[in-house]
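For reference, final13.cif (mmCIF, C-alpha atoms):
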```cif
data_work
#
loop_
_atom_site.label_atom_id
_atom_site.label_comp_id
_atom_site.auth_asym_id
_atom_site.auth_seq_id
_atom_site.Cartn_x
_atom_site.Cartn_y
_atom_site.Cartn_z
CA MET A 23 -16.43 -27.12 22.97
CA GLY A 24 -17.88 -30.48 21.92
CA ALA A 25 -16.89 -31.17 18.40
CA ILE A 26 -13.99 -29.11 17.24
CA ASP A 27 -15.23 -26.26 15.18
CA ARG A 28 -13.51 -26.49 11.87
CA ALA A 29 -15.74 -23.95 10.24
CA TRP A 30 -12.77 -21.60 9.95
CA LEU A 31 -11.53 -23.76 7.14
CA GLY A 32 -14.64 -22.52 5.46
CA PRO A 33 -15.92 -22.86 1.96
CA LEU A 34 -13.40 -20.28 0.74
CA ALA A 35 -10.45 -22.32 1.94
CA ALA A 36 -12.01 -25.44 0.49
CA ALA A 37 -12.41 -23.69 -2.84
CA GLN A 38 -8.79 -22.69 -2.64
CA VAL A 39 -7.59 -26.25 -2.86
CA ALA A 40 -6.38 -25.14 -6.21
CA ARG A 41 -6.83 -27.38 -9.18
CA SER A 42 -3.45 -26.34 -10.45
CA TRP A 43 -1.56 -27.71 -7.48
CA THR A 44 -3.16 -31.12 -7.37
CA GLU A 45 -4.49 -31.86 -10.84
CA PRO A 46 -2.12 -31.81 -13.77
CA GLY A 47 -4.87 -30.91 -16.26
CA ARG A 48 -3.32 -30.15 -19.64
CA ASP A 49 0.00 -29.13 -18.11
CA ALA A 50 2.00 -32.06 -19.44
CA GLU A 51 1.00 -31.62 -23.07
CA LEU A 52 1.29 -27.84 -22.86
CA LEU A 53 4.74 -28.13 -21.31
CA ILE A 54 5.96 -30.50 -24.02
CA ALA A 55 4.63 -28.14 -26.69
CA ALA A 56 6.14 -25.12 -24.93
CA GLN A 57 9.49 -26.87 -24.71
CA ARG A 58 9.24 -27.51 -28.43
CA GLY A 59 8.96 -23.76 -28.90
CA GLU A 60 5.21 -23.24 -29.30
CA ARG A 61 4.48 -19.84 -27.85
CA GLU A 62 0.74 -20.30 -27.55
CA ALA A 63 1.26 -23.38 -25.39
CA LEU A 64 3.74 -21.52 -23.23
CA PHE A 65 1.36 -18.60 -22.75
CA ALA A 66 -1.55 -20.92 -21.93
CA LEU A 67 0.61 -22.70 -19.36
CA LEU A 68 1.66 -19.50 -17.63
CA ARG A 69 -1.85 -18.07 -17.68
CA ALA A 70 -3.25 -21.24 -16.13
CA HIS A 71 -1.18 -20.76 -12.97
CA ARG A 72 -1.04 -17.02 -12.57
CA ARG A 73 -3.50 -16.76 -9.65
CA GLU A 74 -1.72 -19.33 -7.52
CA LEU A 75 1.62 -17.82 -8.43
CA TRP A 76 0.35 -14.37 -7.42
CA ARG A 77 -0.61 -15.63 -3.95
CA ILE A 78 2.79 -17.27 -3.58
CA CYS A 79 4.54 -14.05 -4.63
CA LEU A 80 2.47 -12.09 -2.12
CA ALA A 81 3.36 -14.55 0.63
CA LEU A 82 7.04 -14.37 -0.29
CA THR A 83 7.22 -10.58 -0.35
CA LEU A 84 4.36 -9.41 1.92
CA ASP A 85 4.21 -6.30 -0.20
CA PRO A 86 1.94 -5.95 -3.25
CA GLU A 87 4.44 -3.83 -5.19
CA ARG A 88 7.31 -6.25 -4.68
CA ALA A 89 4.93 -9.13 -5.33
CA GLU A 90 4.05 -7.61 -8.69
CA ARG A 91 7.70 -7.39 -9.66
CA LEU A 92 8.37 -10.90 -8.41
CA HIS A 93 5.35 -12.26 -10.29
CA LEU A 94 6.48 -10.68 -13.55
CA GLU A 95 10.09 -11.66 -13.13
CA THR A 96 9.10 -15.24 -12.33
CA LEU A 97 6.92 -15.47 -15.44
CA VAL A 98 9.66 -13.98 -17.61
CA ARG A 99 12.27 -16.37 -16.18
CA ALA A 100 9.90 -19.28 -16.61
CA ALA A 101 9.31 -18.35 -20.24
CA LYS A 102 13.00 -17.99 -20.83
CA HIS A 103 13.98 -21.26 -19.19
CA VAL A 104 10.92 -23.35 -19.97
CA ARG A 105 13.14 -26.09 -21.38
CA ALA A 106 14.57 -26.58 -17.88
CA ALA A 107 11.14 -27.28 -16.35
CA PRO A 108 10.96 -30.85 -15.06
CA ALA A 109 8.55 -32.87 -17.17
CA ASP A 110 7.70 -35.29 -14.35
CA ALA A 111 6.44 -32.70 -11.82
CA PRO A 112 3.60 -30.16 -11.86
CA VAL A 113 4.53 -26.88 -13.50
CA LEU A 114 3.24 -24.88 -10.55
CA HIS A 115 5.77 -26.55 -8.25
CA TRP A 116 8.54 -25.37 -10.53
CA LEU A 117 7.07 -21.85 -10.75
CA ALA A 118 6.78 -21.63 -6.96
CA ARG A 119 10.40 -22.69 -6.56
CA LEU A 120 11.50 -20.14 -9.16
CA ALA A 121 9.63 -17.39 -7.31
CA ALA A 122 11.12 -18.47 -3.98
CA HIS A 123 14.67 -18.50 -5.38
CA LEU A 124 14.18 -15.02 -6.81
CA ALA A 125 12.69 -13.70 -3.59
CA VAL A 126 15.60 -15.06 -1.56
CA ALA A 127 18.09 -13.57 -4.03
CA TRP A 128 16.35 -10.18 -3.89
CA SER A 129 16.30 -10.15 -0.12
CA ARG A 130 20.10 -10.36 -0.15
CA HIS A 131 20.38 -7.17 -2.18
CA GLU A 132 17.31 -5.17 -1.26
CA PRO A 133 16.19 -4.15 2.18
CA ALA A 134 13.94 -6.74 3.77
CA PRO A 135 10.23 -6.05 3.37
CA GLY A 136 9.93 -5.64 7.14
CA ALA A 137 8.37 -2.18 7.44
CA ALA A 138 6.51 -2.32 4.12
CA GLY A 139 5.27 -5.81 4.89
CA ARG A 140 4.06 -4.78 8.33
CA ALA A 141 2.34 -1.71 6.90
CA TRP A 142 0.60 -3.74 4.23
CA ALA A 143 -0.46 -6.44 6.69
CA ALA A 144 -1.74 -3.76 9.07
CA SER A 145 -3.67 -2.09 6.25
CA ALA A 146 -5.23 -5.47 5.52
CA GLY A 147 -6.45 -5.63 9.10
CA ALA A 148 -3.87 -8.02 10.55
CA ASP A 149 -2.82 -7.78 14.18
CA PRO A 150 0.43 -5.73 14.35
CA ARG A 151 2.23 -8.35 16.45
CA PHE A 152 1.22 -11.06 14.02
CA ALA A 153 2.31 -8.87 11.08
CA ALA A 154 5.67 -8.24 12.73
CA SER A 155 6.23 -11.95 13.39
CA LEU A 156 5.29 -12.81 9.83
CA ALA A 157 7.62 -10.17 8.38
CA ARG A 158 10.49 -11.65 10.42
CA CYS A 159 9.99 -15.10 8.88
CA PRO A 160 12.42 -15.89 6.07
CA GLU A 161 10.96 -16.33 2.57
CA PRO A 162 11.22 -20.15 2.46
CA ASP A 163 9.23 -20.33 5.70
CA ARG A 164 6.52 -18.07 4.33
CA LEU A 165 6.34 -20.27 1.23
CA LEU A 166 5.89 -23.28 3.47
CA LEU A 167 3.09 -21.56 5.37
CA ALA A 168 1.36 -20.42 2.19
CA LEU A 169 1.42 -23.90 0.72
CA ALA A 170 0.09 -25.58 3.84
CA VAL A 171 -2.26 -22.96 5.26
CA VAL A 172 -3.55 -21.07 2.22
CA GLU A 173 -3.22 -23.54 -0.63
CA ARG A 174 -4.06 -26.44 1.71
CA LEU A 175 -1.59 -28.85 0.16
CA SER A 176 -0.81 -32.12 1.88
CA TYR A 177 2.54 -32.37 3.67
CA ALA A 178 3.74 -34.72 0.95
CA ASP A 179 2.94 -32.13 -1.72
CA VAL A 180 4.48 -29.32 0.31
CA ALA A 181 7.59 -31.48 0.66
CA ARG A 182 7.68 -32.03 -3.10
CA VAL A 183 7.33 -28.31 -3.89
CA THR A 184 9.92 -27.20 -1.35
CA ARG A 185 12.16 -30.24 -1.81
CA ARG A 186 12.18 -31.09 1.90
CA GLU A 187 11.44 -34.22 3.84
CA THR A 188 7.81 -34.62 4.95
CA GLN A 189 8.85 -34.80 8.61
CA ASP A 190 10.86 -31.63 8.14
CA VAL A 191 7.75 -29.90 6.77
CA LEU A 192 5.75 -30.85 9.87
CA ARG A 193 8.60 -29.82 12.19
CA GLN A 194 9.03 -26.43 10.54
CA LEU A 195 5.30 -25.72 10.30
CA THR A 196 4.95 -26.49 14.00
CA ARG A 197 7.75 -24.08 14.83
CA LEU A 198 6.28 -21.36 12.61
CA ARG A 199 2.78 -21.67 13.99
CA ALA A 200 4.03 -21.46 17.55
CA ARG A 201 5.97 -18.34 16.64
CA LEU A 202 3.09 -16.66 14.80
CA ALA A 203 0.71 -17.42 17.65
CA GLY A 204 3.11 -15.57 19.95
CA GLU A 205 4.20 -18.60 21.95
CA THR A 206 7.85 -18.32 20.97
CA SER A 207 10.00 -15.52 19.63
CA ALA A 208 11.95 -15.59 16.36
CA MET B 4 -4.56 -38.51 27.54
CA SER B 5 -1.71 -36.08 28.25
CA HIS B 6 -1.73 -32.62 26.66
CA VAL B 7 -1.65 -32.29 22.89
CA THR B 8 1.90 -31.89 21.59
CA ASP B 9 2.89 -29.09 19.21
CA ARG B 10 3.23 -31.44 16.27
CA GLN B 11 -0.06 -33.13 17.06
CA LEU B 12 -1.77 -29.74 17.13
CA CYS B 13 -0.12 -28.73 13.87
CA ALA B 14 -1.14 -31.95 12.16
CA PHE B 15 -4.65 -31.61 13.56
CA LEU B 16 -4.97 -28.11 12.12
CA ASP B 17 -3.87 -29.40 8.73
CA ASP B 18 -6.31 -32.33 8.83
CA VAL B 19 -3.47 -34.75 8.60
CA LEU B 20 -4.56 -36.90 11.54
CA VAL B 21 -7.00 -39.67 10.71
CA GLY B 22 -8.84 -42.30 12.68
CA PRO B 23 -8.33 -42.69 16.45
CA PRO B 24 -5.54 -40.09 16.80
CA ASP B 25 -7.81 -37.49 15.18
CA ASP B 26 -10.76 -38.43 17.41
CA GLU B 27 -8.64 -38.44 20.58
CA THR B 28 -7.13 -35.06 19.77
CA ALA B 29 -10.56 -33.58 19.07
CA ARG B 30 -11.92 -34.98 22.33
CA HIS B 31 -8.99 -33.66 24.32
CA LEU B 32 -9.21 -30.21 22.77
CA GLY B 33 -12.87 -30.19 23.71
CA SER B 34 -12.19 -30.94 27.35
CA CYS B 35 -8.82 -29.28 28.12
CA ALA B 36 -8.99 -25.49 28.45
CA LEU B 37 -5.20 -25.11 28.15
CA CYS B 38 -4.91 -27.05 24.90
CA HIS B 39 -8.08 -25.48 23.58
CA ALA B 40 -6.64 -22.01 24.13
CA ARG B 41 -3.50 -23.01 22.21
CA TYR B 42 -5.62 -24.43 19.44
CA GLU B 43 -7.57 -21.18 19.27
CA GLY B 44 -4.36 -19.12 19.12
CA TRP B 45 -2.86 -21.19 16.32
CA ALA B 46 -6.12 -21.23 14.39
CA ARG B 47 -6.35 -17.43 14.73
CA ALA B 48 -2.84 -17.05 13.31
CA ASP B 49 -3.76 -19.34 10.41
CA ASP B 50 -6.91 -17.31 9.81
CA ALA B 51 -4.98 -14.06 9.80
CA PHE B 52 -2.44 -15.40 7.30
CA ARG B 53 -5.18 -16.83 5.13
CA ALA B 54 -7.10 -13.55 5.23
CA LEU B 55 -4.00 -11.68 4.02
CA LEU B 56 -3.49 -13.87 0.99
CA ALA B 57 -6.97 -15.09 0.23
CA ARG B 58 -8.21 -11.78 -1.09
CA PRO B 59 -9.05 -12.25 -4.74
CA ALA B 60 -6.36 -11.11 -7.12
CA ASP B 61 -6.95 -8.12 -9.34
CA GLU B 62 -7.88 -9.90 -12.55
CA ASP B 63 -7.23 -6.81 -14.69
CA ALA B 64 -3.73 -6.53 -13.31
CA LEU B 65 -3.07 -10.24 -13.83
CA GLU B 66 -4.26 -9.94 -17.41
CA ARG B 67 -2.10 -6.87 -18.00
CA TRP B 68 0.97 -8.61 -16.60
CA SER B 69 0.32 -11.72 -18.68
CA CYS B 70 0.07 -9.56 -21.80
CA TRP B 71 3.30 -7.81 -20.87
CA VAL B 72 5.11 -11.12 -20.39
CA GLU B 73 3.80 -12.40 -23.72
CA ALA B 74 4.95 -9.22 -25.46
CA ALA B 75 8.36 -9.59 -23.81
CA VAL B 76 8.63 -13.23 -24.92
CA ASN B 77 7.62 -12.31 -28.46
CA ALA B 78 10.20 -9.53 -28.46
CA ASP B 79 12.84 -11.91 -27.12
CA ARG B 80 12.17 -14.52 -29.74
CA GLY B 81 12.16 -11.82 -32.38
CA GLY B 82 15.75 -11.04 -31.44
CA ALA B 83 15.26 -8.25 -28.89
CA GLN B 84 16.60 -8.54 -25.35
CA LEU B 85 14.31 -9.33 -22.44
CA PRO B 86 14.59 -6.60 -19.83
CA GLU B 87 15.70 -7.47 -16.32
CA ALA B 88 13.20 -6.99 -13.52
CA GLY B 89 14.69 -3.69 -12.47
CA LEU B 90 14.22 -2.32 -15.96
CA LEU B 91 10.66 -3.40 -16.47
CA ARG B 92 8.84 -0.52 -18.05
CA LEU B 93 5.25 -1.33 -17.39
CA PRO B 94 2.47 0.99 -18.41
CA LEU B 95 1.38 2.82 -15.32
CA PRO B 96 -2.20 2.43 -14.18
CA ALA B 97 -4.43 5.19 -15.59
CA ALA B 98 -4.81 6.91 -12.20
CA ARG B 99 -1.05 7.20 -11.68
CA ARG B 100 -0.50 8.34 -15.25
CA ALA B 101 -2.97 11.18 -14.83
CA THR B 102 -1.31 12.29 -11.59
CA ALA B 103 2.10 12.27 -13.22
CA ARG B 104 0.88 14.39 -16.10
CA VAL B 105 -0.71 16.97 -13.84
CA ALA B 106 2.42 17.15 -11.71
CA ALA B 107 4.60 17.75 -14.75
CA ALA B 108 2.29 20.40 -16.16
CA SER B 109 2.11 22.32 -12.90
CA HIS B 110 5.85 23.17 -13.10
CA PRO B 111 6.84 26.09 -15.35
CA PRO B 112 9.27 25.16 -18.09
CA ARG B 113 12.83 25.44 -16.89
CA LEU B 114 15.22 27.87 -18.50
CA PRO B 115 18.26 26.34 -20.10
CA ARG B 116 21.04 26.08 -17.53
CA TYR B 117 23.60 27.91 -19.67
CA ALA B 118 21.46 31.05 -19.61
CA THR B 119 21.76 31.32 -15.84
CA ARG B 120 25.54 31.24 -16.09
CA ARG B 121 25.66 34.34 -18.27
CA PRO B 122 25.98 37.75 -16.64
CA ALA B 123 22.60 39.40 -16.73
CA GLY B 124 23.39 42.89 -15.46
CA ALA B 125 22.71 45.99 -17.59
CA GLY B 126 26.38 46.82 -18.03
CA ALA B 127 27.54 43.34 -18.74
CA PRO B 128 29.16 43.03 -22.16
CA THR B 129 27.31 39.92 -23.25
CA ALA B 130 23.98 40.73 -21.65
CA VAL B 131 22.30 41.80 -24.87
CA ARG B 132 23.73 39.07 -27.06
CA TYR B 133 22.67 36.29 -24.67
CA ALA B 134 19.39 37.76 -23.52
CA ILE B 135 16.90 34.93 -23.05
CA ARG B 136 13.47 35.27 -24.53
CA GLY B 137 12.03 33.26 -21.71
CA ALA B 138 8.43 33.80 -22.62
CA GLU B 139 8.54 31.84 -25.84
CA PHE B 140 8.45 28.14 -25.09
CA ARG B 141 7.00 25.31 -27.11
CA ASP B 142 6.91 21.75 -25.75
CA GLY B 143 9.10 22.85 -22.87
CA LEU B 144 11.88 24.10 -25.15
CA PRO B 145 12.68 27.71 -25.93
CA VAL B 146 11.51 28.59 -29.42
CA ARG B 147 14.47 30.87 -29.85
CA ALA B 148 16.84 31.17 -26.95
CA PHE B 149 19.05 33.99 -28.15
CA GLY B 150 18.06 37.39 -29.48
CA PRO B 151 20.18 39.21 -32.05
CA GLY B 152 23.23 40.93 -30.54
CA PRO B 153 24.83 44.26 -31.66
CA ALA B 154 27.16 42.42 -34.03
CA ASP B 155 24.22 40.86 -35.83
CA THR B 156 22.76 44.29 -36.80
CA TRP B 157 25.90 45.18 -38.90
CA LEU B 158 25.57 42.17 -41.13
CA PRO B 159 22.62 43.42 -43.26
CA LEU B 160 24.25 46.87 -43.63
CA ALA B 161 27.50 45.34 -44.84
CA PHE B 162 25.58 43.21 -47.30
CA VAL B 163 23.69 46.21 -48.75
CA GLY B 164 26.90 48.28 -48.94
CA GLY B 165 28.70 45.52 -50.78
CA LEU B 166 25.82 45.24 -53.22
CA LEU B 167 25.92 49.00 -53.97
CA VAL B 168 29.68 48.96 -54.56
CA GLY B 169 29.22 46.04 -56.94
CA VAL B 170 26.53 47.87 -58.96
CA LEU B 171 28.73 51.01 -59.23
CA LEU B 172 31.66 48.95 -60.50
CA VAL B 173 29.47 47.31 -63.14
CA LEU B 174 28.22 50.73 -64.31
CA LEU B 175 31.77 52.12 -64.53
CA LEU B 176 32.88 49.16 -66.57
CA MET B 177 29.94 49.54 -68.98
CA ARG B 178 30.79 53.24 -69.57
CA GLY B 179 34.43 52.45 -70.18
#
```

Rewrite the structure from the file as structure tokens, please.
Amino acid sequence: MGAIDRAWLGPLAAAQVARSWTEPGRDAELLIAAQRGEREALFALLRAHRRELWRICLALTLDPERAERLHLETLVRAAKHVRAAPADAPVLHWLARLAAHLAVAWSRHEPAPGAAGRAWAASAGADPRFAASLARCPEPDRLLLALAVVERLSYADVARVTRRETQDVLRQLTRLRARLAGETSA
Amino acid sequence: MSHVTDRQLCAFLDDVLVGPPDDETARHLGSCALCHARYEGWARADDAFRALLARPADEDALERWSCWVEAAVNADRGGAQLPEAGLLRLPLPAARRATARVAAASHPPRLPRYATRRPAGAGAPTAVRYAIRGAEFRDGLPVRAFGPGPADTWLPLAFVGGLLVGVLLVLLLMRG
């Protein structure tokens, strides 16, 4: 093969190293203003991260309809509890954790997205076996994958968002990749 | 070099390896068919996952949802309650709204349920009094559900009779 072809990372993936995850931008000042009760600051903060949050919701639910509900519910919860947002961490980390908590809570009460998730993944052109493996992954694992594979965060950042140890992130990602590639079963 | 370990492969895919470990892994993957096949499989899975989520979001939908959240926050701070997720009443997309309207219009208006409980046979005592004028509907509601029954036709006659008796009494009193 010669040099390893890393073209699959591609310009799209490179572009997806989202500013919101790695660069604080105006988040800190907007968050302070939002916590003081300024609605415009709160709205600007939530709007700034909506695309990344949407991808996370889609990864957590694997179903566009559920993702829409999760996205809205996360934004509403975030608006309601903005005073609880940690001031020393990026807002998007907090939003992603909120979405993950909600998704886990929903999955306890609602049927798992298994069939719907597989159908959606199949409609998007994914291999059925891959779609089935992905649908069997628990929500926290799909969040981990989304952060590392789609958002291209460093392990340290993934560990910060998911509140795990860095070594644990590597261990779990390794396990998940082996499973999704069909080397091991769930 | 022995085969690439799982963790090494994972770290290599995430560009975490730097320096000699990165170079050695790349060289080994280039020369070992077994490890290369595993690398390909893992990279394919990554690609598939990325392809699922990397499709651009529907900006109109994101904008609509942001507006909805802002309206909900404004309502909440104005004293109204924020709805729970299960109660979210979002405006349906135009396409779905149109379908729903057509579906509703294609059904004939339903008769009131109490009408079906009444006996409808010719000899039934209440058939005339509770006859439904089913043809007259406005906005899905009967304009007038009940027609006049036999008892209703006596009321005007009694009124006119009473009036005549009253006039006669007044005339008799005036003569006296």

Using 9 Å as the limit and counting all atoms listed in the file, can you tabulate each residue of chain A that touches chain B, with its shortest atom-to-atom distance in Å and the two atoms involved, as CSV?
```
residue,atom,partner,partner_atom,distance
A:Met23,CA,B:Gly33,CA,4.8
A:Gly24,CA,B:Gly33,CA,5.3
A:Ala25,CA,B:Gly33,CA,6.7
A:Ile26,CA,B:Ala29,CA,5.9
A:Arg28,CA,B:Leu16,CA,8.7
A:Trp30,CA,B:Asp50,CA,7.3
A:Leu31,CA,B:Asp50,CA,8.4
A:Leu34,CA,B:Ala57,CA,8.3
A:Ala35,CA,B:Ala57,CA,8.2
A:Gln38,CA,B:Ala57,CA,8.3
A:Arg61,CA,B:Asn77,CA,8.2
A:Phe65,CA,B:Glu73,CA,6.7
A:Leu68,CA,B:Ser69,CA,8.0
A:Arg69,CA,B:Ser69,CA,6.8
A:Arg72,CA,B:Leu65,CA,7.2
A:Arg73,CA,B:Ala60,CA,6.8
A:Trp76,CA,B:Ala60,CA,7.5
A:Arg77,CA,B:Leu56,CA,6.0
A:Ile78,CA,B:Leu56,CA,8.5
A:Leu80,CA,B:Leu56,CA,7.0
A:Ala81,CA,B:Leu56,CA,6.9
A:Leu84,CA,B:Leu55,CA,8.9
A:Glu90,CA,B:Trp68,CA,8.5
A:Arg91,CA,B:Ala88,CA,6.7
A:Leu92,CA,B:Ala88,CA,8.0
A:His93,CA,B:Trp68,CA,8.5
A:Leu94,CA,B:Trp68,CA,6.6
A:Glu95,CA,B:Ala88,CA,5.6
A:Leu97,CA,B:Val72,CA,6.8
A:Val98,CA,B:Val72,CA,6.1
A:Ala101,CA,B:Val76,CA,7.0
A:Lys102,CA,B:Val76,CA,7.6
A:Ala143,CA,B:Leu55,CA,6.9
A:Ala146,CA,B:Leu55,CA,6.5
A:Gly147,CA,B:Leu55,CA,8.3
A:Ala148,CA,B:Ala51,CA,6.2
A:Asp149,CA,B:Ala51,CA,8.0
A:Phe152,CA,B:Ala48,CA,7.3
A:Ala153,CA,B:Phe52,CA,8.9
A:Leu156,CA,B:Phe52,CA,8.5
A:Leu167,CA,B:Phe52,CA,8.5
A:Ala168,CA,B:Arg53,CA,8.0
A:Ala170,CA,B:Asp17,CA,7.4
A:Val171,CA,B:Asp49,CA,6.5
A:Val172,CA,B:Arg53,CA,5.4
A:Arg174,CA,B:Asp17,CA,7.6
A:Leu175,CA,B:Asp17,CA,8.9
A:Ser176,CA,B:Val19,CA,7.7
A:Tyr177,CA,B:Val19,CA,8.1
A:Leu192,CA,B:Arg10,CA,6.9
A:Arg193,CA,B:Arg10,CA,6.9
A:Leu195,CA,B:Cys13,CA,7.2
A:Thr196,CA,B:Cys13,CA,5.5
A:Arg197,CA,B:Asp9,CA,8.2
A:Arg199,CA,B:Trp45,CA,6.1
A:Ala200,CA,B:Trp45,CA,7.0
A:Leu202,CA,B:Ala48,CA,6.1
A:Ala203,CA,B:Trp45,CA,5.4
A:Gly204,CA,B:Gly44,CA,8.3
A:Glu205,CA,B:Arg41,CA,8.9
```

- Message: Report, in Å to a single decimal, how far apart atom CA of Ala89 of chain A and atom CA of Val191 of chain A are.
- Response: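 Between atom CA of Val191 of chain A and atom CA of Ala89 of chain A the gap works out to 24.2 Å.
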
- Message: Given the point (9.0, -25.3, -12.9) in the file's coordinates, find the residues that have an atom at most 12 Å from it, counting all atoms listed in the file, and give them as a VMD selection string.
- Response: chain A and resid 49 to 50 53 57 67 to 68 71 75 96 to 97 99 to 123 182 to 184

For the residues in the current selection, export C-alpha atoms as a short mmCIF file (atom, residue, chain, number, x, y, z; two decimals), in the coordinates of the input.
```cif
data_model
loop_
_atom_site.label_atom_id
_atom_site.label_comp_id
_atom_site.auth_asym_id
_atom_site.auth_seq_id
_atom_site.Cartn_x
_atom_site.Cartn_y
_atom_site.Cartn_z
CA ASP A 49 0.00 -29.13 -18.11
CA ALA A 50 2.00 -32.06 -19.44
CA LEU A 53 4.74 -28.13 -21.31
CA GLN A 57 9.49 -26.87 -24.71
CA LEU A 67 0.61 -22.70 -19.36
CA LEU A 68 1.66 -19.50 -17.63
CA HIS A 71 -1.18 -20.76 -12.97
CA LEU A 75 1.62 -17.82 -8.43
CA THR A 96 9.10 -15.24 -12.33
CA LEU A 97 6.92 -15.47 -15.44
CA ARG A 99 12.27 -16.37 -16.18
CA ALA A 100 9.90 -19.28 -16.61
CA ALA A 101 9.31 -18.35 -20.24
CA LYS A 102 13.00 -17.99 -20.83
CA HIS A 103 13.98 -21.26 -19.19
CA VAL A 104 10.92 -23.35 -19.97
CA ARG A 105 13.14 -26.09 -21.38
CA ALA A 106 14.57 -26.58 -17.88
CA ALA A 107 11.14 -27.28 -16.35
CA PRO A 108 10.96 -30.85 -15.06
CA ALA A 109 8.55 -32.87 -17.17
CA ASP A 110 7.70 -35.29 -14.35
CA ALA A 111 6.44 -32.70 -11.82
CA PRO A 112 3.60 -30.16 -11.86
CA VAL A 113 4.53 -26.88 -13.50
CA LEU A 114 3.24 -24.88 -10.55
CA HIS A 115 5.77 -26.55 -8.25
CA TRP A 116 8.54 -25.37 -10.53
CA LEU A 117 7.07 -21.85 -10.75
CA ALA A 118 6.78 -21.63 -6.96
CA ARG A 119 10.40 -22.69 -6.56
CA LEU A 120 11.50 -20.14 -9.16
CA ALA A 121 9.63 -17.39 -7.31
CA ALA A 122 11.12 -18.47 -3.98
CA HIS A 123 14.67 -18.50 -5.38
CA ARG A 182 7.68 -32.03 -3.10
CA VAL A 183 7.33 -28.31 -3.89
CA THR A 184 9.92 -27.20 -1.35
#
```

- Query: Mind pulling up the distance from atom CA of Ala154 of chain A to atom CA of Gln194 of chain A?
  - Reply: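 Between atom CA of Gln194 of chain A and atom CA of Ala154 of chain A the gap is 18.6 Å.
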
- Task: Record the distance separating atom CA of Ala181 of chain A and atom CA of Ala127 of chain A, expressed in Å with one decimal.
- Result: 21.3 Å

For segment 63-81 of chain A, I'd like the enclosing box, axis-aligned and padded by 5 Å on every side, reported as lines of an AutoDock Vina configuration file with centre and edge lengths in Å to one decimal.
```
center_x = 0.5
center_y = -17.7
center_z = -12.4
size_x = 18.0
size_y = 21.3
size_z = 36.0
```
